[in-house]
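Q: This is the structure I want to talk about, given as structure tokens.
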Amino acid sequence: MGVSKRPLYFGNDISDLQSKAKLGDTSKVKVKVLCTSSEKVFKEAVIQKDLGDEEKAYVFFFKYLECVQKIQKNSEFKKDSKYFTSMYNIQKNSKKAIETLEVLATSLESRYEEKNVAERLAKLDLDLLNTESKNSKLDENSNENEDTPIQNEIAKLELKDYLISPRKLQSLINEKSTTFFVLDTRTAEDYHNSFINLPNTLNVPETYLKPGTTATSVGRNVKIEFRNQWERRTSVDMLIICDWTSYDFDPGKPVTVLRDALTKWDLGAKYKNPPFLLEGGFQRFLMAYPHSVTNPKARAPSEPRITRPTAPSLDFDYPDLDSGFMITPSPSPSHKSQAALNSGAIKIYREPQTQSTLPSLKYPSLADLNSFTPKSVPRATYPNSTTLKEVFTPNIPDRASKPDTTVNSKVLPEIELSNSKDDFNEAKQSFDIDRSDSSSLRSTSGSSLLNQAVLDQSNGNNLPQVDRGTKKNAVIKYSGVTGDKLDDLDNMEDVLKTQSDIANQSLAREKEKLDLENKWEFLRLKREAEHETSMRQMIVEEQDKLVDELERLKNIDKERDDVEHRLKEELEAVKEQLKEKDEKEKKYLQSEELRRIEWEKEEERRKVEKAKEDEIRRKDREKLAMMEAVDRKRKERKELDKERREEDRRNSPMRLQQPGQRDSPSRQVQDPANRGQGGRGAGAVKQKLRDEDDGRGSGGGGLKRSFSSPNIAQMLEQEDKGLPSVGYSGVPVPKFDRQQKPSLISSRNFAGVWGTQKPGLTGLKNLGNTCYMNSILQCVSNTPPLAHYFISRSYEEDLNSKYSETRGHVAVEFSEVLKNIWSSQFKSISPSDLKQMVGKFKPEFAGRDQQDSHEFASKLLEWLHSDTNRVVRPTKEPEQNNKDSKDKSAAKRHWRNYLERNQSIIVQLFCGQTRSTVKCFSCVGESVTYREFTNLTLPLPETHSRVNLRDCFEEFLREEKIDEFKCDRCKKTGKASKKTDIVKLPPLLVIHLSRFYQDGMYTRKKQNFVNFDLKNLNLGQFAIDGFENKFFQFNLYAVSNHFGSLEGGHYTAYCSSNVLKRWHKFDDQDVSTMDSADVVTPAAYILFYSAIEGQTSLPPLG
């Protein structure tokens, strides 16, 4: 069950509560103190709300928002806004405070309104009782029908149906079933600072709203963007007027002036409802619904604006007064007394009114002038009663059927028509506008009896009484009879004759006036028609201007919307890039940390291996020293044997021997130590070495022989048996030209480390950040067709040592490196000669800086192609001029022209063909170009951190947009599209994953994990159908990996040996076996695929 609401006691209205919630100067208070205080205020607000005290809850919630505004303006808060916002829940609490204030404001407004109505009704009841007690009996002369002030107050209180509350306005906004305009009379500055966020609001500044302002004047003064809405004001259901704080249409206020302009001074306009007033003004609506205004922080000016009294605006059209007052007198006797009343010429009051109580001026509507014939307004002041006997009453016949002969004696003119003056114009001049505060209409005569006519209160029919004593004066004036002769009118005939003459003269004058009235009416209608035509033309021109202006503004808004939309997209892209950058930096730092740890472990392992190698070298030196000692002893023994033989020859006679039975000196003289073994010479030495080796191998010394030194006994055995020096048949055996002179053979120092008998598993020493070169050399070395071509020295037949870029030197050095790798002798070698040679032709490879392995691979294949191109001096290819992208003959023509100039094993193995199509958006023309490639660079999609190799191919083949392209056909520069297609795949496909990109001054790396197949990769779907593509099924045989960044990274290679049928890891000089499941890693950079694995012959050229 909810808590009951506490009775109202703390304030009188919402504004009063807001004033109580205002904060003082907090500029010297620290932001932490403000934040702590705001938390306490918020908690107290929640407590008061739970207790049912809506007034205090409203004050505390409002004070909390004021405190938050002070906090946000504090310089300390701006320095670390995230900390304070999260620490003190500012954003969450502010949202809750605003929502709660809206609910509380709605409830309190309703309760305050009910309280005020109840208090006023109670006060009125009390006043009514007091009045009844004092005036128990009404005065006889008082007007019984007149309402008392208390009754008027009650009626005023109960009949304010023109007020509309903020809740009702919000309901109209939400329902969207009633059309309305909000006419905001605040200043233009206040309006633009904050207004109700609706398209049907318009600003009518209070500076133009002066007493007497008409709707036409308002329409001319409003800004051009509001004029269209102002012209449509009669088509809506409601017109809601508002200012800052008004609760009623008080006299003199701009809202009241605007209401009067719409209701009194808007001629011809018909509204569906009278204007409404927003109760409490814009400020009350802002407090109740801050989300429905453009700036909820706006406030009303602290001091009311003082408007200096100015003369009323005269830029409006007054209706013609004569038209409203000139009415043809009615001949009916029953309406004689009502003619002046019906014409509007006089006002009937129940008692004479003073100057202060006169009603405000109301001009008659021009629309009513067509209902009767206009007549002149009397300008004469009737004299007082004459000596004419009042008892004399002539018997005047009923002239109802003859209106042209009947004269109303109460409207006789003062001057006869015989004068040359224009009575009509004088009639118009007989009235003027009283500019005094009473704004009443007065006559120039000032003593008209009609204006002074007062209803006789005792007359039951409430008809005005007219003094008949003026008849004598009228007779004297219009009949020409003097006062003396009036006494001679003794009989009825003379009187009737006199009256007849007067009637005829009056009728003649009325006819002449009627003619003038008709002429004036004709001229008036003519002027109005001309004025309407010109006004219509002006309105049409103004509407055309407005339409053009609106169209221009529409175009400007559209352009601005496009710019804003583009900026938003760019900002979103920048945000995504920043997020991706942050993620990459985090991953990079993590990878760098892991790499540092791996590097430290690797350094530790290298130190251990280096210690082992030093130990092996020490043992090798000991063995060499032993071998030298053995050779030295052999020489000493030979010298000793020689001396002994010489001595024996001198001391004993010569013995003749038959041919074929003479032994060699080594067989005749034997070492005493070897005489027991039969003295077999060199054979004995070999046997001894075998025995020694067997003894060591079987546990003589307990040590295993080091692989870093040659097994001399085994080599001697192989030499005796005539076996080859490699352990695997079918492996390319290096050839050596024994006929070449030693002086022509360049000396190379590979600094080989002995210790392996397995072909292709020789590591390459790091010569100072040369891991990029070692990685590519190992991948290319495990390309069987290319390795066989260079190791078997078949390349020498195609060597172009005269016209190629390197004169064949790179191919020769590359061949020497491959020979040593596949010699099955070395654990590692140093490719220093090859590095020196490539650095000679590309200085970037000469130093010790880290380089890109893809760049080295591309340049190496380019040099090998140039050195082995069988076309010694190729000519330039002809330019392409292809307009049909589907023309197969164009692709064949380009391929044929290329093969005529390029015939090498590189083209035979690595070269494919692509097609590039550029389409111009201006002329829809296409430009087609065919190109060859030795490796494909595939982009990495940015959508996910883990992608598939097929996703990279789809991204490579996706159409891209070009902002600036100059078309060769239409010669225009504009937008175009570009698409690349694969026409022909090579037998050996090299795929480069584009991981590096330029980010300002830095080179960044994409860390996407690319998943790729090791076996049966089908790429036929990515080649163009209908073109001659022979290769589509590929198997992976090598991967060049990159760890870290471009400046501080490291390269390795994973290669599948075609001879050993296993995967191996090549890390500079270290070579180790690995499982095929470990080949796919995020470090994969260059992939080597083969479509001719297992084939014994090379594919044909092209």
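As shown in the structure tokens, the chain order sets the letters A, B, ...; within each chain, residues go from 1, and ligands are also counted from 1 in the order they appear.
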Quick one: pick out all strand (DSSP E or B) residues within segment 807-1012 of chain A from a backbone DSSP run and write them as a PyMOL selection string.

A: chain A and resi 826-829+882+912-920+926-933+936-938+946-948+960-966+973-984+988-993+996-999+1002-1005+1009-1011

Q: Write out as JSON, numbers by chain each polymer residue whose atoms come within 6 Å of Asn869 of chain A, counting only C-alpha atoms; drop sequence neighbours fewer than 3 positions from it.

A: {"A": [865, 866, 903, 904]}

Q: Contacts of Lys56 of chain A at 10 Å or less, counting only C-alpha atoms, minus same-chain residues fewer than 2 places along, as an MDAnalysis selection string?

A: chainID A and resid 9:11 17 20:21 44:49 52:54 58:62

Q: For segment 31-37 of chain A, work out the shell of residues within 10 Å, counting only C-alpha atoms and skipping chain neighbours fewer than 4 positions away, then give it as number ranges by chain.

A: A: 26-27, 41-43, 64, 67-68, 70-77, 84-85, 87-90

Q: Can you work out the spacing between atom CA of Arg893 of chain A and atom CA of Lys876 of chain A in Å, to one decimal?

A: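 Taking atom CA of Arg893 of chain A as the start and atom CA of Lys876 of chain A as the end point, the length is 14.6 Å.
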
Q: Would you compute the distance between atom CA of Ile597 of chain A and atom CA of Leu761 of chain A? Give it in Å to one decimal.

A: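 Result for atom CA of Ile597 of chain A versus atom CA of Leu761 of chain A: 27.0 Å, one decimal.
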
Q: Could you work out how far atom CA of Asn221 of chain A lies from atom CA of Ile164 of chain A, giving the answer in Å with one decimal?

A: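 If I compute the distance from atom CA of Ile164 of chain A to atom CA of Asn221 of chain A, I get 26.5 Å.
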
Q: As a list in words, please: the residues near Glu960 of chain A (cut-off 12 Å, only C-alpha atoms, same-chain neighbours under 6 positions excluded).

A: Ser916, Thr917, Val918, Lys919, Lys975, Ala976, Ser977, Lys978, Lys979 and Thr980 of chain A

Q: Find, counting only C-alpha atoms, the residue in A:Leu1017, A:Ala573, A:Met535, A:Val753 that gets nearest to Phe1032 of chain A.

A: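 When distances to Phe1032 of chain A are compared using only C-alpha atoms, the smallest one comes from A:Leu1017.
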
Q: Which residues are near Asn228 of chain A? Cut-off 10 Å, only C-alpha atoms, ignore same chain within fewer than 5 positions. Put them as a count of residues only.

A: 7

Q: Mind the document's chain letters and residue numbers, and return as number ranges by chain the residues of segment 105-261 of chain A that DSSP labels alpha helix (DSSP H).

A: A: 105-134, 149-158, 166-175, 188-193, 215-221, 224-231, 254-261
